[in-house]
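Here is the structure we will look at, set down as structure tokens.
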Amino acid sequence: LRIITLLNSIASSLSQPYFSFLNVINGVTGPLLGVVSSSFTAFPSIVQGIFSLYKAEAKSLITWGFILSGLAWILLFLLPYGSLSTLMYVIAASGSGASTFGYSIIMEKVSRGARGAVLCQYAQYARIGSLLSTVGVGLLTGDQYYLMKWFFLSTGLLYLISSYISTIIQDEEVYIPPSEGIGKDVMRMILVNSSFYVVWAFAWPLFPVAEVEVYHMNEDNLAIITLIGGISGLLFQRRVGIWMDRNKRAVMFAGRIGLAIYPLAYSLATNVYQIYAAYLLMGITGPANIAYTSFVYDNTKNVRKAISFMSLGEGIGAIMGSLLGSVSFVEMESLISPSMAVRLLLFTASLSRIAFSFFYLSLHDTQEKGRRVLSVKK
């Protein structure tokens, strides 16, 4: 599992973080950019929701998901940017959704008894792999964008290698009867989370536009952003995990409201160094992501169904928000300059993220009281 976690993070981070940026460089805009910018959130989530309707072994989902993603990235190596490459990108994202769903089912069992500590440990492997590959690719490529095609090929080959390694996983999944409910606390969390994804994804197609149109970045700049955010996340991952075991709601709220700093920085910054500074906050917003899955693990008896519903809500929210953001930019661009339009929309996105993050404080964590008592005894 650790090897797969590391290889998967390296494979996805070689190419996926730069794909939206490369599409803007190559003239892709409008709804197509909205699909591209949300694909690796929306479609994996939708696929996971669909799999909740069927019985399938977690190991099989991981293996075949990696194979599908690997083949799609190899084809992306051959295709020009446009409608067909977007379709192949969606297929790669869907394969990622299948493998992630199988992985999450296994991790639920592996992390029982110490959610924060175990999930943070595995997140560290993923973060290290992601940091090394994303920064390395960005610094090597710079503004020589034609080189990225070779990293698409490398991504595909790594996924195929991961699919082979995944065949030795010893899967002991226990299936929960479909009649088992997920609980009203988790259902409320899913509704809150899905709503937040709409305002979160609104900014996703706007970031690459701002990077190209306003700040004239290249992949060196994106690599530095990733480096700052990655190191910050590594430094605070364990601390956030300990905090999460004590109070998930506080971590969920902090993680979401902290996301407002990124569109705010892009909307107000006068140079790229101010954007670099904003990504120091990634030490909280990055590690906090495990709190939302952990909340589901600890507050329902039907983990598989709950994760599927949460993923489906995230996917629908992500594609809605991303399409809304890209269409809004096209409309505003016809009225004012592109740089002014993207700054104004990013500022709006920042305010929306702040407002919607407060809904996480209304959630009820059934495990919270027990954890507080346990911490007093120690």
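Quick note on naming: the chains in the structure tokens go A, B, ... in the order shown, residues restart at 1 in each chain, and ligands are numbered from 1 in order of appearance.
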List every residue of segment 120-356 of chain A that DSSP, applied to the backbone, labels as alpha helix (DSSP H), and write the result as a PyMOL selection string.
chain A and resi 120-141+148-165+184-201+206-213+219-246+248-258+261-268+272-278+282-285+290-299+303-333+338-356
I'd like the neighbourhood of Pro263 of chain A as a PyMOL selection string, where a residue qualifies if any of its atoms comes within 10 Å (using only C-alpha atoms), though same-chain residues fewer than 4 positions away should be ignored.
chain A and resi 200+203-204+206-207+210+259+267-269+275+278+342-351+353
Would you put the residues from that selection into a file with C-alpha atoms, as a PDB file, in the first residue's frame?
```pdb
ATOM      1  CA  TRP A 200     -14.531  25.894  -4.406  1.00  0.00           C
ATOM      2  CA  ALA A 203     -12.143  29.371  -9.162  1.00  0.00           C
ATOM      3  CA  TRP A 204     -10.422  26.342 -10.689  1.00  0.00           C
ATOM      4  CA  LEU A 206      -9.793  30.949 -13.366  1.00  0.00           C
ATOM      5  CA  PHE A 207      -6.405  30.110 -11.840  1.00  0.00           C
ATOM      6  CA  ALA A 210      -4.781  34.358 -14.262  1.00  0.00           C
ATOM      7  CA  LEU A 259      -8.811  27.961   0.930  1.00  0.00           C
ATOM      8  CA  SER A 267      -7.136  38.637  -7.335  1.00  0.00           C
ATOM      9  CA  LEU A 268      -5.145  41.236  -5.391  1.00  0.00           C
ATOM     10  CA  ALA A 269      -1.453  40.401  -5.875  1.00  0.00           C
ATOM     11  CA  ILE A 275       1.188  34.506  -4.536  1.00  0.00           C
ATOM     12  CA  ALA A 278      -0.095  32.759   0.124  1.00  0.00           C
ATOM     13  CA  VAL A 342     -10.454  37.202 -13.815  1.00  0.00           C
ATOM     14  CA  ARG A 343      -9.400  39.314 -10.814  1.00  0.00           C
ATOM     15  CA  LEU A 344     -13.002  40.261 -10.031  1.00  0.00           C
ATOM     16  CA  LEU A 345     -14.258  36.691 -10.336  1.00  0.00           C
ATOM     17  CA  LEU A 346     -11.451  35.353  -8.134  1.00  0.00           C
ATOM     18  CA  PHE A 347     -12.266  37.922  -5.462  1.00  0.00           C
ATOM     19  CA  THR A 348     -15.898  36.776  -5.586  1.00  0.00           C
ATOM     20  CA  ALA A 349     -14.741  33.161  -5.260  1.00  0.00           C
ATOM     21  CA  SER A 350     -12.713  34.033  -2.160  1.00  0.00           C
ATOM     22  CA  LEU A 351     -15.702  35.622  -0.406  1.00  0.00           C
ATOM     23  CA  ARG A 353     -15.401  30.190   0.169  1.00  0.00           C
TER      24      ARG A 353
END
```
Using only C-alpha atoms for the distances, tell me which of A:Asn23, A:Phe356, A:Lys184, A:Ser328 is nearest to Ala254 of chain A.
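Nearest candidate to Ala254 of chain A out of A:Asn23, A:Phe356, A:Lys184, A:Ser328: A:Phe356.
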Just the residues within 10 Å of Phe309 of chain A, please, counting only C-alpha atoms, with nothing from its chain fewer than 3 positions along; format it as an MDAnalysis selection string.
chainID A and resid 45:46 48:50 52 182 186:187 190:191 194 303:306 312:315
Please provide the set of residues having any atom within 10 Å of segment 78-90 of chain A, restricted to only C-alpha atoms, with same-chain residues fewer than 6 positions apart removed, written as an NGL selection string.
:A and (16 or 19 or 22-29 or 32-33 or 35-36 or 38-40 or 42-44 or 69 or 71-72 or 96 or 149-150 or 152-153)
Go ahead and write the residues just picked, N, CA, C and O atoms, as a compact mmCIF listing (two decimals), in the first residue's frame.
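Writing done, so here's again-v4.txt:
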```txt
# COMPACT_ATOMS: atom_id res chain seq x y z
N GLN A 16 -0.69 15.88 -14.29
CA GLN A 16 -2.01 16.44 -13.99
C GLN A 16 -1.99 17.89 -13.49
O GLN A 16 -2.83 18.70 -13.91
N PHE A 19 -1.89 20.31 -16.55
CA PHE A 19 -2.72 20.08 -17.73
C PHE A 19 -3.64 21.26 -18.04
O PHE A 19 -3.79 21.65 -19.21
N LEU A 22 -1.52 24.10 -19.45
CA LEU A 22 -1.11 23.82 -20.83
C LEU A 22 -2.26 24.01 -21.81
O LEU A 22 -2.06 24.45 -22.95
N ASN A 23 -3.48 23.71 -21.38
CA ASN A 23 -4.64 23.93 -22.24
C ASN A 23 -4.87 25.41 -22.49
O ASN A 23 -5.20 25.80 -23.61
N VAL A 24 -4.69 26.24 -21.47
CA VAL A 24 -4.83 27.70 -21.66
C VAL A 24 -3.74 28.20 -22.61
O VAL A 24 -4.01 29.00 -23.52
N ILE A 25 -2.51 27.72 -22.42
CA ILE A 25 -1.41 28.10 -23.31
C ILE A 25 -1.73 27.75 -24.76
O ILE A 25 -1.40 28.49 -25.69
N ASN A 26 -2.43 26.64 -24.96
CA ASN A 26 -2.74 26.17 -26.31
C ASN A 26 -4.12 26.63 -26.79
O ASN A 26 -4.66 26.07 -27.75
N GLY A 27 -4.69 27.64 -26.11
CA GLY A 27 -5.90 28.28 -26.61
C GLY A 27 -7.22 27.69 -26.20
O GLY A 27 -8.27 28.11 -26.68
N VAL A 28 -7.24 26.72 -25.31
CA VAL A 28 -8.50 26.13 -24.84
C VAL A 28 -9.13 27.06 -23.82
O VAL A 28 -8.47 27.52 -22.88
N THR A 29 -10.42 27.34 -23.96
CA THR A 29 -11.11 28.24 -23.04
C THR A 29 -12.58 27.86 -22.97
O THR A 29 -13.02 26.87 -23.57
N LEU A 32 -15.00 24.02 -22.18
CA LEU A 32 -14.00 22.96 -22.29
C LEU A 32 -12.93 23.10 -21.22
O LEU A 32 -12.49 22.11 -20.62
N LEU A 33 -12.52 24.33 -20.95
CA LEU A 33 -11.56 24.57 -19.86
C LEU A 33 -12.18 24.24 -18.52
O LEU A 33 -11.50 23.73 -17.62
N VAL A 35 -14.33 21.87 -17.94
CA VAL A 35 -14.28 20.41 -17.81
C VAL A 35 -12.87 19.95 -17.45
O VAL A 35 -12.67 19.13 -16.55
N VAL A 36 -11.87 20.52 -18.14
CA VAL A 36 -10.48 20.14 -17.89
C VAL A 36 -10.08 20.44 -16.45
O VAL A 36 -9.50 19.61 -15.75
N SER A 38 -11.76 20.72 -13.75
CA SER A 38 -12.45 20.00 -12.68
C SER A 38 -12.41 18.49 -12.86
O SER A 38 -12.91 17.75 -12.00
N SER A 39 -11.83 18.00 -13.95
CA SER A 39 -11.93 16.58 -14.29
C SER A 39 -11.42 15.66 -13.19
O SER A 39 -12.06 14.66 -12.85
N PHE A 40 -10.26 15.98 -12.61
CA PHE A 40 -9.66 15.06 -11.64
C PHE A 40 -10.26 15.19 -10.25
O PHE A 40 -9.80 14.53 -9.31
N ALA A 42 -14.09 16.02 -10.29
CA ALA A 42 -15.47 15.69 -10.61
C ALA A 42 -15.65 14.23 -11.03
O ALA A 42 -16.47 13.50 -10.45
N PHE A 43 -14.91 13.79 -12.02
CA PHE A 43 -15.16 12.47 -12.58
C PHE A 43 -14.73 11.32 -11.68
O PHE A 43 -15.43 10.30 -11.61
N PRO A 44 -13.60 11.43 -10.95
CA PRO A 44 -13.33 10.37 -9.97
C PRO A 44 -14.44 10.26 -8.93
O PRO A 44 -14.82 9.16 -8.53
N SER A 69 -6.34 4.41 -16.42
CA SER A 69 -5.63 5.68 -16.37
C SER A 69 -4.33 5.63 -17.15
O SER A 69 -3.98 6.57 -17.87
N LEU A 71 -3.44 3.72 -19.74
CA LEU A 71 -3.66 3.72 -21.19
C LEU A 71 -4.12 5.09 -21.69
O LEU A 71 -3.71 5.53 -22.78
N ALA A 72 -4.95 5.76 -20.91
CA ALA A 72 -5.43 7.09 -21.31
C ALA A 72 -4.28 8.09 -21.39
O ALA A 72 -4.20 8.90 -22.33
N SER A 96 -8.82 6.94 -12.36
CA SER A 96 -8.32 7.36 -11.06
C SER A 96 -9.40 7.25 -9.99
O SER A 96 -9.13 6.87 -8.84
N LYS A 149 4.76 16.39 -23.11
CA LYS A 149 4.21 15.18 -23.70
C LYS A 149 4.94 13.92 -23.22
O LYS A 149 4.33 12.86 -23.03
N TRP A 150 6.25 14.03 -23.01
CA TRP A 150 7.02 12.88 -22.53
C TRP A 150 6.66 12.52 -21.10
O TRP A 150 6.73 11.35 -20.70
N PHE A 152 3.62 12.92 -19.97
CA PHE A 152 2.34 12.22 -20.11
C PHE A 152 2.60 10.72 -20.30
O PHE A 152 1.93 9.87 -19.69
N LEU A 153 3.57 10.40 -21.14
CA LEU A 153 3.93 9.00 -21.39
C LEU A 153 4.44 8.34 -20.11
O LEU A 153 4.07 7.20 -19.78
```
Using only C-alpha atoms, determine which residues lie at most 7 Å from segment 53-62 of chain A, disregarding the query and same-chain residues fewer than 5 positions distant; provide the list as a PyMOL selection string.
chain A and resi 98-100+102-103+105-106+166-167+169+171
For C-alpha atoms, I'd like the residues from the last selection saved as a CSV table (one decimal), in the first residue's frame.
```csv
chain,number,residue,atom,x,y,z
A,98,ALA,CA,-12.1,3.6,-9.6
A,99,SER,CA,-8.6,3.1,-8.1
A,100,THR,CA,-9.1,5.7,-5.4
A,102,GLY,CA,-10.8,0.8,-3.9
A,103,TYR,CA,-7.9,2.4,-2.0
A,105,ILE,CA,-12.2,1.0,1.2
A,106,ILE,CA,-8.9,-0.7,2.2
A,166,SER,CA,-1.6,-3.8,-6.8
A,167,THR,CA,-2.3,-7.4,-7.7
A,169,ILE,CA,-2.7,-6.6,-2.1
A,171,ASP,CA,-8.0,-7.5,0.3
```
Please list as a list in words every residue within 9 Å of Leu323 of chain A, counting only C-alpha atoms and excluding residues in the same chain fewer than 2 positions away.
Gly30, Pro31, Leu32, Leu33, Gly34, Val35, Ser38, Ala201, Phe202, Pro205, Ala318, Ile319, Met320, Gly321, Gly325, Ser326, Val327 and Ser328 of chain A
List as a ChimeraX atom specification the protein and nucleic acid residues near Leu281 of chain A, meaning an atom at most 10 Å away when only C-alpha atoms are counted, but skip any in the same chain fewer than 4 places from it.
/A:228-229,232-233,236,255,258-259,261-262,277,285-286
Of the listed residues A:Ser308, A:Asn302, A:Asn289, A:Thr63, that which approaches Tyr159 of chain A most closely, counting only C-alpha atoms:
A:Thr63
